[in-house]
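**Q** Sharing coords38.txt (compact mmCIF, C-alpha atoms) below.
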```
# COMPACT_ATOMS: atom_id res chain seq x y z
CA MET Z 29 74.13 -41.39 202.29
CA LYS Z 30 77.69 -42.26 201.34
CA ASN Z 31 78.80 -45.77 200.45
CA LEU Z 32 75.28 -47.15 200.22
CA PRO Z 33 73.96 -49.56 197.61
CA GLU Z 34 71.53 -48.26 195.01
CA ASN Z 35 68.36 -49.12 196.94
CA SER Z 36 69.05 -48.62 200.61
CA SER Z 37 65.48 -48.55 201.86
CA LEU Z 38 64.79 -50.78 204.80
CA VAL Z 39 61.97 -51.63 207.15
CA VAL Z 40 62.73 -52.22 210.82
CA MET Z 41 60.01 -54.72 211.73
CA GLY Z 42 58.69 -56.89 214.52
CA VAL Z 43 56.05 -57.06 217.21
CA ALA Z 44 55.25 -54.22 219.61
CA GLY Z 45 58.03 -53.64 222.09
CA CYS Z 46 60.85 -55.06 219.98
CA GLY Z 47 62.59 -51.69 219.59
CA LYS Z 48 61.65 -50.68 216.04
CA SER Z 49 61.58 -46.95 216.76
CA SER Z 50 64.88 -46.86 218.64
CA LEU Z 51 66.73 -48.95 216.07
CA GLY Z 52 65.07 -47.18 213.16
CA LEU Z 53 66.27 -43.80 214.44
CA ARG Z 54 69.78 -45.08 215.03
CA CYS Z 55 69.98 -46.61 211.53
CA ALA Z 56 68.53 -43.55 209.81
CA GLU Z 57 71.11 -41.34 211.50
CA ALA Z 58 74.01 -43.69 210.77
CA LEU Z 59 73.02 -44.18 207.12
CA GLY Z 60 72.04 -40.57 206.49
CA LEU Z 61 68.52 -41.57 205.50
CA PRO Z 62 65.14 -40.11 206.46
CA LEU Z 63 63.13 -41.96 209.10
CA LEU Z 64 59.44 -42.75 208.73
CA GLU Z 65 57.69 -43.92 211.89
CA GLY Z 66 54.98 -46.29 210.67
CA ASP Z 67 52.70 -45.65 213.64
CA ASP Z 68 52.45 -41.98 212.58
CA PHE Z 69 50.51 -43.07 209.48
CA HIS Z 70 47.72 -45.01 211.20
CA SER Z 71 44.20 -43.63 210.78
CA GLU Z 72 42.39 -42.24 213.81
CA SER Z 73 40.09 -45.25 213.78
CA ASN Z 74 43.09 -47.62 213.91
CA VAL Z 75 44.61 -45.66 216.80
CA THR Z 76 41.29 -45.71 218.65
CA LYS Z 77 40.99 -49.47 218.16
CA MET Z 78 44.52 -50.12 219.42
CA ARG Z 79 44.15 -47.82 222.43
CA SER Z 80 40.96 -49.68 223.36
CA GLY Z 81 42.77 -53.04 223.19
CA THR Z 82 41.21 -54.22 219.92
CA PRO Z 83 43.64 -55.88 217.49
CA LEU Z 84 43.72 -54.49 213.97
CA SER Z 85 42.37 -56.69 211.21
CA ASP Z 86 43.84 -57.12 207.74
CA ASP Z 87 41.17 -54.71 206.50
CA ASP Z 88 42.20 -52.14 209.13
CA ARG Z 89 45.81 -52.42 208.01
CA ALA Z 90 45.14 -52.26 204.24
CA ALA Z 91 44.90 -48.47 203.87
CA TRP Z 92 47.80 -48.04 206.31
CA LEU Z 93 50.00 -50.34 204.22
CA ASP Z 94 48.99 -48.48 201.06
CA THR Z 95 50.05 -45.22 202.71
CA LEU Z 96 53.38 -46.74 203.77
CA ALA Z 97 53.93 -48.05 200.25
CA THR Z 98 53.34 -44.55 198.88
CA GLN Z 99 55.81 -43.17 201.40
CA LEU Z 100 58.44 -45.71 200.29
CA GLN Z 101 57.92 -44.69 196.66
CA ALA Z 102 58.34 -41.04 197.64
CA HIS Z 103 61.88 -41.78 198.88
CA PRO Z 104 63.67 -43.42 195.93
CA GLN Z 105 67.10 -42.54 197.36
CA GLY Z 106 66.38 -44.60 200.45
CA VAL Z 107 64.50 -44.41 203.72
CA VAL Z 108 64.22 -46.24 207.04
CA LEU Z 109 60.63 -47.22 207.86
CA THR Z 110 59.50 -48.66 211.18
CA CYS Z 111 56.56 -50.98 210.68
CA SER Z 112 55.40 -54.18 212.35
CA ALA Z 113 55.06 -55.88 208.91
CA LEU Z 114 53.77 -58.96 210.69
CA LYS Z 115 52.51 -60.96 207.71
CA GLN Z 116 54.28 -61.97 204.54
CA ARG Z 117 51.57 -60.37 202.40
CA TYR Z 118 52.16 -57.06 204.21
CA ARG Z 119 55.87 -57.30 203.47
CA GLU Z 120 55.17 -58.20 199.84
CA ARG Z 121 52.93 -55.13 199.54
CA LEU Z 122 55.83 -52.96 200.72
CA ARG Z 123 58.33 -54.79 198.49
CA ALA Z 124 56.10 -54.13 195.47
CA ALA Z 125 56.35 -50.41 196.21
CA ALA Z 126 60.13 -50.45 196.65
CA PRO Z 127 61.88 -53.27 194.77
CA GLY Z 128 64.97 -54.41 196.64
CA LEU Z 129 63.48 -53.38 199.99
CA ARG Z 130 65.24 -54.95 202.98
CA PHE Z 131 63.75 -55.94 206.33
CA VAL Z 132 65.43 -55.98 209.73
CA PHE Z 133 63.46 -58.41 211.90
CA LEU Z 134 63.84 -57.66 215.61
CA ASP Z 135 63.08 -60.97 217.26
CA LEU Z 136 62.16 -61.48 220.92
CA THR Z 137 59.90 -63.66 223.02
CA GLN Z 138 56.31 -62.87 223.92
CA ASP Z 139 57.28 -62.42 227.57
CA GLN Z 140 60.03 -59.98 226.63
CA ALA Z 141 57.63 -58.02 224.42
CA ARG Z 142 54.98 -57.84 227.18
CA GLU Z 143 57.58 -56.61 229.64
CA ARG Z 144 58.79 -53.89 227.27
CA VAL Z 145 55.30 -52.73 226.29
CA ALA Z 146 54.26 -52.57 229.96
CA ALA Z 147 57.24 -50.27 230.61
CA ARG Z 148 55.86 -47.60 228.25
CA PRO Z 149 52.38 -46.72 229.52
CA ALA Z 150 51.96 -43.61 227.34
CA HIS Z 151 52.27 -45.59 224.09
CA LEU Z 152 49.16 -46.24 222.00
CA PHE Z 153 49.67 -49.99 222.17
CA PRO Z 154 48.48 -51.77 225.35
CA VAL Z 155 50.04 -54.95 226.76
CA SER Z 156 46.80 -56.80 226.05
CA LEU Z 157 47.54 -56.68 222.31
CA VAL Z 158 50.98 -58.31 222.44
CA ALA Z 159 49.57 -61.84 222.13
CA SER Z 160 47.62 -60.87 219.00
CA GLN Z 161 50.83 -59.62 217.39
CA PHE Z 162 52.55 -62.95 217.99
CA ALA Z 163 49.48 -64.77 216.65
CA ALA Z 164 49.68 -62.71 213.42
CA LEU Z 165 53.47 -62.84 213.03
CA GLU Z 166 54.67 -64.89 210.05
CA ASP Z 167 58.38 -65.52 210.42
CA PRO Z 168 60.22 -63.61 207.66
CA ARG Z 169 63.61 -65.30 207.98
CA LEU Z 170 63.32 -67.39 204.81
CA GLU Z 171 62.30 -64.42 202.68
CA PRO Z 172 64.91 -62.53 200.62
CA GLY Z 173 66.54 -59.46 202.09
CA VAL Z 174 65.81 -60.15 205.76
CA LEU Z 175 68.28 -59.71 208.59
CA ARG Z 176 67.12 -61.31 211.87
CA LEU Z 177 68.52 -59.76 215.02
CA ASP Z 178 68.03 -60.58 218.69
CA ALA Z 179 66.09 -57.55 219.92
CA THR Z 180 67.54 -57.93 223.41
CA GLN Z 181 71.07 -57.05 222.26
CA PRO Z 182 72.40 -53.54 222.99
CA LEU Z 183 71.05 -50.90 220.61
CA LYS Z 184 74.58 -49.87 219.63
CA ASP Z 185 75.37 -53.43 218.51
CA LEU Z 186 72.09 -53.77 216.64
CA GLY Z 187 72.68 -50.51 214.81
CA SER Z 188 76.22 -51.49 213.84
CA ALA Z 189 75.01 -54.85 212.51
CA VAL Z 190 72.36 -53.20 210.34
CA VAL Z 191 74.75 -50.59 208.93
CA ARG Z 192 77.33 -53.28 208.05
CA TRP Z 193 74.61 -55.36 206.39
CA VAL Z 194 73.18 -52.50 204.34
CA ARG Z 195 76.62 -51.36 203.20
CA SER Z 196 77.89 -54.82 202.31
CA ALA Z 197 74.95 -56.88 201.10
CA PRO Z 198 73.39 -56.32 197.70
CA ALA Z 199 69.71 -55.52 197.71
CA PRO Z 200 67.54 -58.62 197.26
CA ALA Z 201 66.26 -59.42 193.81
CA THR Z 202 62.92 -57.96 192.86
CA LEU Z 203 59.95 -60.28 192.64
CA GLU Z 204 60.25 -60.43 188.86
CA ASN Z 205 63.87 -61.59 189.11
CA ARG Z 206 63.11 -64.31 191.66
CA ALA Z 207 60.80 -66.30 189.42
```
Let's see the structure in the file written out as structure tokens.
**A**
Amino acid sequence: MKNLPENSSLVVMGVAGCGKSSLGLRCAEALGLPLLEGDDFHSESNVTKMRSGTPLSDDDRAAWLDTLATQLQAHPQGVVLTCSALKQRYRERLRAAAPGLRFVFLDLTQDQARERVAARPAHLFPVSLVASQFAALEDPRLEPGVLRLDATQPLKDLGSAVVRWVRSAPAPATLENRA
């Protein structure tokens, strides 16, 4: 974890199929930080709903986000978390747990996401849910501490961009300092 700012925690976010897990792993390795795969923290009922093609509601996601927030707090030296973080209130919940938290938004089109999700049949997330993710997505680009990347770029390039950003950019101000 050499040459990293004080709070180096980041969330690799976006819709299903954008490459969160692949980029998260690459960034965690490059930055010397632990990796938390957000999907690993879903309840059995959430997993069952997703596997059956039922979109998760805000209520379904509430306990999951609380668990992720607790995980962020348990890693004060920094961590890379993969999490869809589709809505601003979800991101604010995570920011409240880890002031200065950064988000890497992997952006792609709905067609590109469907194509990628269809290519991984063993995953818990079916293609039928991609549209619901785009319907829920609130664009994070105007929020503090967000780096938007084109998810279709080579993984090596995406990883390099994130590492440069984390090492060079100060962590965003906490909510209290933004008022």
**Q** Work out how far apart atom CA of Z:Ala90 and atom CA of Z:Arg117 are and give it in Å to one decimal.
**A**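 Atom-to-atom, atom CA of Z:Ala90 and atom CA of Z:Arg117 are spaced 10.5 Å apart.
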**Q** Counting all atoms listed in the file, which residue out of Z:Lys48, Z:His103, Z:His70, Z:Lys77 sits closest to Z:Leu157?
**A** Z:Lys77
**Q** Give me, as a PyMOL selection string, all polymer residues having an atom no more than 10 Å from stretch 128-133 of chain Z, counting all atoms listed in the file and skipping those fewer than 4 positions away in the same chain.
**A** chain Z and resi 34-43+46+48+51-52+100+106-114+119-120+122-124+167-169+171-179+186+190+193-194+198-203
**Q** When distances are computed from all atoms listed in the file, which of Z:Gln116, Z:Pro127, Z:Gly60, Z:Arg79 shows the smallest separation from Z:Gln101?
**A**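 Smallest separation from Z:Gln101 among the options: Z:Pro127.
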**Q** Find, counting all atoms listed in the file, the residue in Z:Leu134, Z:Ala91, Z:Val191, Z:Met78 that gets nearest to Z:Ser160.
**A**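 Smallest distance to Z:Ser160 is found for Z:Met78.
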**Q** Please identify all polymer residues within 9 Å of Z:Ser156, counting all atoms listed in the file, omitting same-chain residues fewer than 6 positions from it, and present them as a PyMOL selection string.
**A** chain Z and resi 81-82+142
**Q** In Å, rounded to a single decimal, give me how far atom CA of Z:Gln105 is from atom CA of Z:Glu72.
**A**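 According to the coordinates, atom CA of Z:Glu72 and atom CA of Z:Gln105 are separated by 29.7 Å.
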**Q** I'd like to know which of Z:Val75, Z:Pro83, Z:Leu59, Z:Phe69 is closest to Z:Thr95, using only C-alpha atoms.
**A**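 Of all the options, Z:Phe69 lies closest to Z:Thr95.
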**Q** What separation in Å, quoted to one decimal, exists between atom CA of Z:Ala102 and atom CA of Z:Lys115?
**A**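 Separation between atom CA of Z:Ala102 and atom CA of Z:Lys115: 23.1 Å.
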**Q** Given the choices Z:Thr137, Z:Ser49, Z:Ser85, Z:Ser188, which gets closest to Z:Ser73 if the distance is worked out from only C-alpha atoms?
**A** Z:Ser85
**Q** Considering all atoms listed in the file, state which residue in the set Z:Glu65, Z:Asp185, Z:Glu143, Z:Asp135 is at the smallest distance from Z:Gln99.
**A** Z:Glu65
